[in-house]
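Here the structure comes first, spelled out in C-alpha cells, and everything after it is commentary.
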Amino acid sequence: MGNRLYKFDNLKAVLIFLVVFGHFLELVQGHRLLYLTIYSFHMPLFIFITGYFAHFDSKKILSGLVFPYCVFQILYTYFERIVLKNENLTLTFLRPRWILWYLFAMIVYYLLIPFFDVKTKKQRIAAVTGMVLLALLSGYDSKVGYDYSSARIFTFMPFFYAGYYLSDSGNMLFKTYRGHRKSYMLKGVVSAGAAALMVMVLSTDVISKKMLYGSYSYEDAGYNIWIKLLILVFASVWTAVFMLMAPDKKIPMLSEIGKDTMPVFLLHGFIVKLIDKQCRAMGESLPLAWAVVLSAAVVLVLGNRYVNAVFVLLFTDKNKKKVRLNDLSEF
C-alpha cells in the first residue's frame, strides 16, 4: 500500500493509547489537568478521522459495526453482572454500556451518510454549521443523555462529518510539508501557542470532567451553551494542531499499532474494569506510573495484526467475505 496515509496511522496509535490511558487515569488520584487535556480532544479527533475514511456500505455497517456492537453489549453486560457483581444490570441494546457508545454513534453516523452526502462547499459548510447548532441546543434538553447515546451523537456529529467532507477536498490541513522547513516550523510555533493557551484555560475551573464527556445536559453538568461552544472550539483547534503536526511517514511499531485499533478499544475495557475492582478491594488508587505502564502494555499486546485476526474471527460477522477491522476509522 504505497499510498497509505501514515499520518493517520501514527495519530490513531497515539489516540488509542490516550483512550486506554484516560480510562486508567480515572483510577488515579489527582492529575486533573492531564485528564482534562486528554478528554478535550482524543474522542473528537478519533471521530474526525473516522469520518475522514467513512463511506456508506450497508453490508460493512452490519458486519463491522452492528454485529460487534450487539456482541460486546452482551459481553459487557454479563461481565458486569457476573464478574463485577452488578446483579441489577439488565441487557438492553438501547443504552450502550460504557465505551460502546462509540460503536452506537458510528452506526448512526454511517447510516446518515446518504442523507448528508452533499457535494458543494456551501452545502457542506451549512451542514456542519447546522450540526454545531444542534449540538449546542441539545444541551438544553435533560432527556438527551445516555439512552441511545443521544447526547454524544449530537455533540460529536460535527467532527465526523467535517472529516467526511474534508477527505476529498484537498484541504491544506492534510498536506505534508517536506522541504518547507520554515513553513513547518511556523505551524509548529502556532500549534504550540494554541495548545498552551488551551491548557491554561483547562487548568482553571471553567471546564469540568462531566462537561467534556458530551453525555450530560447543561443542567446535569452545571454549564451553559457558551462553555460547550468553547469546548467544541478547543476540540476543533486540537484536531487542526494534530493534523498539521503529525508525521506523514512510517514509524516502526507506532504505524503498525495504528492499523489495528478496534481490538484495543473494545477489549481494554474488561482489563480496566478488573483493575478498578482490585483497586477498590484494596482501598487504594492506581499509581500514575502504573497507569502509563499498563496502558502501554495493553496497546502493545492487543494492537497487532495477530490479535486483530482472532478478533475478527470471534467478534465479527463471519458471513462477510474477507472481513478486516483495520481500526476505529475504516473497516
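All residue names refer to the C-alpha cells as shown: chains lettered A, B, ... in order, residues numbered from 1 in each chain, ligands numbered from 1 in order.
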
Quick one: which region 32-115 of chain A residues come within 10 Å of region 259-283 of chain A, and what is the nearest atom pair for each with the distance in Å to one decimal, counting only C-alpha atoms, rows ordered by chain and ascending number, as CSV?
```
residue,atom,partner,partner_atom,distance
A:Pro68,CA,A:Leu266,CA,9.1
A:Tyr69,CA,A:Leu266,CA,9.4
A:Phe72,CA,A:Leu266,CA,7.7
A:Leu75,CA,A:Phe270,CA,9.5
A:Tyr76,CA,A:Phe270,CA,7.7
A:Phe79,CA,A:Phe270,CA,8.0
A:Glu80,CA,A:Lys273,CA,8.6
A:Val83,CA,A:Leu274,CA,8.4
A:Leu84,CA,A:Lys277,CA,7.2
A:Trp98,CA,A:Gly269,CA,8.5
A:Ile99,CA,A:Gly269,CA,7.4
A:Leu100,CA,A:Leu266,CA,7.7
A:Tyr102,CA,A:Phe265,CA,9.8
A:Leu103,CA,A:Leu266,CA,9.5
```

As a ChimeraX atom specification, please: all residues of region 39-80 of chain A that backbone DSSP puts in alpha helix (DSSP H).
/A:39,42-52,58-61,67-80

Excluding Ser142 (chain A) and residues on its chain fewer than 6 positions from it, collect all residues at most 10 Å away from it, counting only C-alpha atoms, and give them as number ranges by chain.
A: 151, 216-220

Distance of CA of Met131 (chain A) from CA of Tyr161 (chain A), expressed in Å to one decimal place:
8.9 Å

Judged by only C-alpha atoms, the minimum distance to Ser236 (chain A) among A:Phe17, A:Phe311, A:Tyr148, A:Phe156 is found for A:Phe156

Near region 48-62 of chain A, counting only C-alpha atoms, which residues have an atom at most 7 Å away, once you skip same-chain residues fewer than 4 positions from it, shown as a compact mmCIF listing (two decimals) with all heavy atoms, in the first residue's frame?
```
# COMPACT_ATOMS: atom_id res chain seq x y z
N PRO A 44 -13.04 13.53 20.00
CA PRO A 44 -13.37 14.33 18.80
C PRO A 44 -12.41 14.07 17.65
O PRO A 44 -12.84 13.96 16.49
CB PRO A 44 -13.27 15.77 19.31
CG PRO A 44 -13.59 15.67 20.76
CD PRO A 44 -13.00 14.37 21.21
N VAL A 66 -22.64 -3.02 13.54
CA VAL A 66 -23.84 -3.52 14.23
C VAL A 66 -23.56 -4.85 14.93
O VAL A 66 -23.90 -5.03 16.11
CB VAL A 66 -25.01 -3.67 13.25
CG1 VAL A 66 -26.23 -4.27 13.96
CG2 VAL A 66 -25.38 -2.31 12.64
N PHE A 67 -22.95 -5.77 14.20
CA PHE A 67 -22.68 -7.10 14.78
C PHE A 67 -21.74 -7.01 15.99
O PHE A 67 -22.06 -7.54 17.06
CB PHE A 67 -22.11 -8.03 13.70
CG PHE A 67 -22.02 -9.47 14.13
CD1 PHE A 67 -23.10 -10.31 13.97
CD2 PHE A 67 -20.86 -9.97 14.70
CE1 PHE A 67 -23.02 -11.65 14.37
CE2 PHE A 67 -20.77 -11.29 15.10
CZ PHE A 67 -21.85 -12.14 14.94
N ILE A 107 -22.69 3.77 14.12
CA ILE A 107 -23.78 3.17 13.35
C ILE A 107 -24.72 4.26 12.84
O ILE A 107 -25.10 4.28 11.67
CB ILE A 107 -24.56 2.15 14.21
CG1 ILE A 107 -23.66 0.94 14.54
CG2 ILE A 107 -25.83 1.70 13.50
CD1 ILE A 107 -24.25 0.01 15.58
N TYR A 110 -22.87 6.53 10.14
CA TYR A 110 -22.71 5.85 8.85
C TYR A 110 -24.04 5.72 8.13
O TYR A 110 -24.11 5.88 6.91
CB TYR A 110 -22.09 4.47 9.06
CG TYR A 110 -20.58 4.46 9.05
CD1 TYR A 110 -19.85 4.78 10.18
CD2 TYR A 110 -19.88 4.12 7.90
CE1 TYR A 110 -18.46 4.78 10.18
CE2 TYR A 110 -18.49 4.11 7.87
CZ TYR A 110 -17.79 4.44 9.01
OH TYR A 110 -16.42 4.44 9.00
N ILE A 113 -25.03 8.90 6.29
CA ILE A 113 -24.16 9.41 5.22
C ILE A 113 -24.94 9.74 3.94
O ILE A 113 -24.74 10.82 3.35
CB ILE A 113 -23.01 8.43 4.93
CG1 ILE A 113 -21.96 8.53 6.05
CG2 ILE A 113 -22.36 8.72 3.58
CD1 ILE A 113 -20.81 7.55 5.90
N PHE A 159 -17.80 16.66 14.10
CA PHE A 159 -16.44 16.20 13.84
C PHE A 159 -16.43 15.06 12.82
O PHE A 159 -15.56 15.00 11.96
CB PHE A 159 -15.78 15.76 15.15
CG PHE A 159 -15.63 16.88 16.13
CD1 PHE A 159 -16.56 17.06 17.15
CD2 PHE A 159 -14.58 17.78 16.02
CE1 PHE A 159 -16.45 18.11 18.04
CE2 PHE A 159 -14.46 18.84 16.91
CZ PHE A 159 -15.39 19.01 17.91
N PHE A 160 -17.40 14.16 12.92
CA PHE A 160 -17.48 13.05 11.97
C PHE A 160 -17.67 13.57 10.55
O PHE A 160 -16.95 13.19 9.62
CB PHE A 160 -18.62 12.11 12.35
CG PHE A 160 -18.78 10.94 11.42
CD1 PHE A 160 -18.08 9.76 11.64
CD2 PHE A 160 -19.63 11.01 10.32
CE1 PHE A 160 -18.23 8.67 10.78
CE2 PHE A 160 -19.78 9.93 9.45
CZ PHE A 160 -19.08 8.76 9.69
N TYR A 161 -18.63 14.45 10.37
CA TYR A 161 -18.94 14.92 9.02
C TYR A 161 -17.94 15.95 8.52
O TYR A 161 -17.75 16.09 7.30
CB TYR A 161 -20.38 15.43 8.96
CG TYR A 161 -21.36 14.28 8.97
CD1 TYR A 161 -22.00 13.90 10.13
CD2 TYR A 161 -21.59 13.54 7.81
CE1 TYR A 161 -22.87 12.82 10.15
CE2 TYR A 161 -22.45 12.46 7.82
CZ TYR A 161 -23.09 12.10 8.99
OH TYR A 161 -23.93 11.01 9.00
N ALA A 162 -17.28 16.66 9.41
CA ALA A 162 -16.19 17.54 8.98
C ALA A 162 -15.08 16.70 8.36
O ALA A 162 -14.52 17.04 7.31
CB ALA A 162 -15.66 18.36 10.15
N GLY A 163 -14.75 15.58 9.00
CA GLY A 163 -13.76 14.67 8.44
C GLY A 163 -14.22 14.07 7.12
O GLY A 163 -13.45 13.97 6.17
N TYR A 164 -15.49 13.69 7.07
CA TYR A 164 -16.05 13.10 5.85
C TYR A 164 -15.97 14.08 4.69
O TYR A 164 -15.57 13.71 3.57
CB TYR A 164 -17.49 12.69 6.11
CG TYR A 164 -18.19 12.08 4.92
CD1 TYR A 164 -17.90 10.78 4.52
CD2 TYR A 164 -19.12 12.81 4.19
CE1 TYR A 164 -18.52 10.21 3.41
CE2 TYR A 164 -19.76 12.25 3.10
CZ TYR A 164 -19.46 10.96 2.70
OH TYR A 164 -20.08 10.40 1.62
N LEU A 166 -13.98 16.73 4.38
CA LEU A 166 -12.62 17.15 4.05
C LEU A 166 -11.80 16.07 3.36
O LEU A 166 -10.75 16.34 2.80
CB LEU A 166 -11.89 17.60 5.32
CG LEU A 166 -12.31 18.96 5.89
CD1 LEU A 166 -11.64 19.19 7.24
CD2 LEU A 166 -11.93 20.08 4.94
N SER A 167 -12.29 14.84 3.40
CA SER A 167 -11.49 13.72 2.88
C SER A 167 -11.21 13.83 1.39
O SER A 167 -10.19 13.34 0.91
CB SER A 167 -12.19 12.39 3.17
OG SER A 167 -13.44 12.33 2.49
N LEU A 328 -10.38 1.98 14.18
CA LEU A 328 -11.63 2.60 14.55
C LEU A 328 -12.15 3.53 13.46
O LEU A 328 -13.16 4.17 13.64
CB LEU A 328 -11.45 3.42 15.84
CG LEU A 328 -11.29 2.61 17.12
CD1 LEU A 328 -11.11 3.54 18.29
CD2 LEU A 328 -12.49 1.73 17.36
N SER A 329 -11.48 3.60 12.35
CA SER A 329 -11.89 4.58 11.36
C SER A 329 -12.21 4.00 10.00
O SER A 329 -12.79 4.66 9.17
CB SER A 329 -10.80 5.65 11.19
OG SER A 329 -9.63 5.07 10.70
N GLU A 330 -11.84 2.75 9.76
CA GLU A 330 -12.19 2.14 8.48
C GLU A 330 -12.32 0.64 8.70
O GLU A 330 -11.61 0.06 9.49
CB GLU A 330 -11.13 2.42 7.41
CG GLU A 330 -9.72 2.09 7.83
CD GLU A 330 -8.70 2.46 6.76
OE1 GLU A 330 -9.07 2.47 5.59
OE2 GLU A 330 -7.56 2.72 7.12
```

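Separating CA of Tyr39 (chain A) from CA of Ile231 (chain A) is a distance of 10.3 Å.
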
Shell around Val241 (chain A) at 10 Å using only C-alpha atoms, local window under 5 positions removed, as a list in words
Leu173, Lys187, Gly188, Val190, Ser191, Ala192, Ala194, Ala195, Ala235, Ser236 and Ala246 of chain A

Write out as a ChimeraX atom specification the residues lying within 8 Å of Gln73 (chain A), counting only C-alpha atoms and excluding same-chain residues fewer than 3 positions away.
/A:69-70,76-77,91-93,96-97,100

Restricting it to N, CA, C and O atoms, dump the selection as an mmCIF file, in the first residue's frame.
```cif
data_model
loop_
_atom_site.group_PDB
_atom_site.id
_atom_site.type_symbol
_atom_site.label_atom_id
_atom_site.label_comp_id
_atom_site.auth_asym_id
_atom_site.auth_seq_id
_atom_site.Cartn_x
_atom_site.Cartn_y
_atom_site.Cartn_z
ATOM 1 N N TYR A 69 -21.220 -4.456 17.889
ATOM 2 C CA TYR A 69 -21.922 -3.733 18.963
ATOM 3 C C TYR A 69 -22.822 -4.688 19.747
ATOM 4 O O TYR A 69 -22.805 -4.698 20.991
ATOM 5 N N CYS A 70 -23.600 -5.492 19.056
ATOM 6 C CA CYS A 70 -24.503 -6.427 19.734
ATOM 7 C C CYS A 70 -23.726 -7.447 20.561
ATOM 8 O O CYS A 70 -24.091 -7.748 21.706
ATOM 9 N N TYR A 76 -20.250 -7.174 27.724
ATOM 10 C CA TYR A 76 -20.019 -6.224 28.806
ATOM 11 C C TYR A 76 -21.133 -6.284 29.853
ATOM 12 O O TYR A 76 -20.874 -6.134 31.061
ATOM 13 N N THR A 77 -22.359 -6.497 29.420
ATOM 14 C CA THR A 77 -23.471 -6.579 30.368
ATOM 15 C C THR A 77 -23.297 -7.760 31.318
ATOM 16 O O THR A 77 -23.383 -7.605 32.548
ATOM 17 N N LEU A 91 -29.886 -6.486 30.353
ATOM 18 C CA LEU A 91 -29.419 -6.352 28.979
ATOM 19 C C LEU A 91 -30.373 -5.491 28.171
ATOM 20 O O LEU A 91 -31.580 -5.750 28.120
ATOM 21 N N THR A 92 -29.843 -4.465 27.548
ATOM 22 C CA THR A 92 -30.597 -3.626 26.629
ATOM 23 C C THR A 92 -29.662 -3.160 25.525
ATOM 24 O O THR A 92 -28.477 -2.956 25.765
ATOM 25 N N PHE A 93 -30.208 -3.020 24.351
ATOM 26 C CA PHE A 93 -29.391 -2.567 23.225
ATOM 27 C C PHE A 93 -29.619 -1.087 22.919
ATOM 28 O O PHE A 93 -29.052 -0.552 21.972
ATOM 29 N N PRO A 96 -26.114 1.907 25.356
ATOM 30 C CA PRO A 96 -24.794 1.271 25.215
ATOM 31 C C PRO A 96 -24.011 1.257 26.525
ATOM 32 O O PRO A 96 -23.983 2.249 27.258
ATOM 33 N N ARG A 97 -23.379 0.129 26.794
ATOM 34 C CA ARG A 97 -22.563 0.008 28.000
ATOM 35 C C ARG A 97 -21.247 0.733 27.809
ATOM 36 O O ARG A 97 -20.483 0.447 26.886
ATOM 37 N N LEU A 100 -19.092 1.436 24.584
ATOM 38 C CA LEU A 100 -19.816 1.024 23.387
ATOM 39 C C LEU A 100 -20.657 2.146 22.785
ATOM 40 O O LEU A 100 -21.220 1.988 21.697
#
```
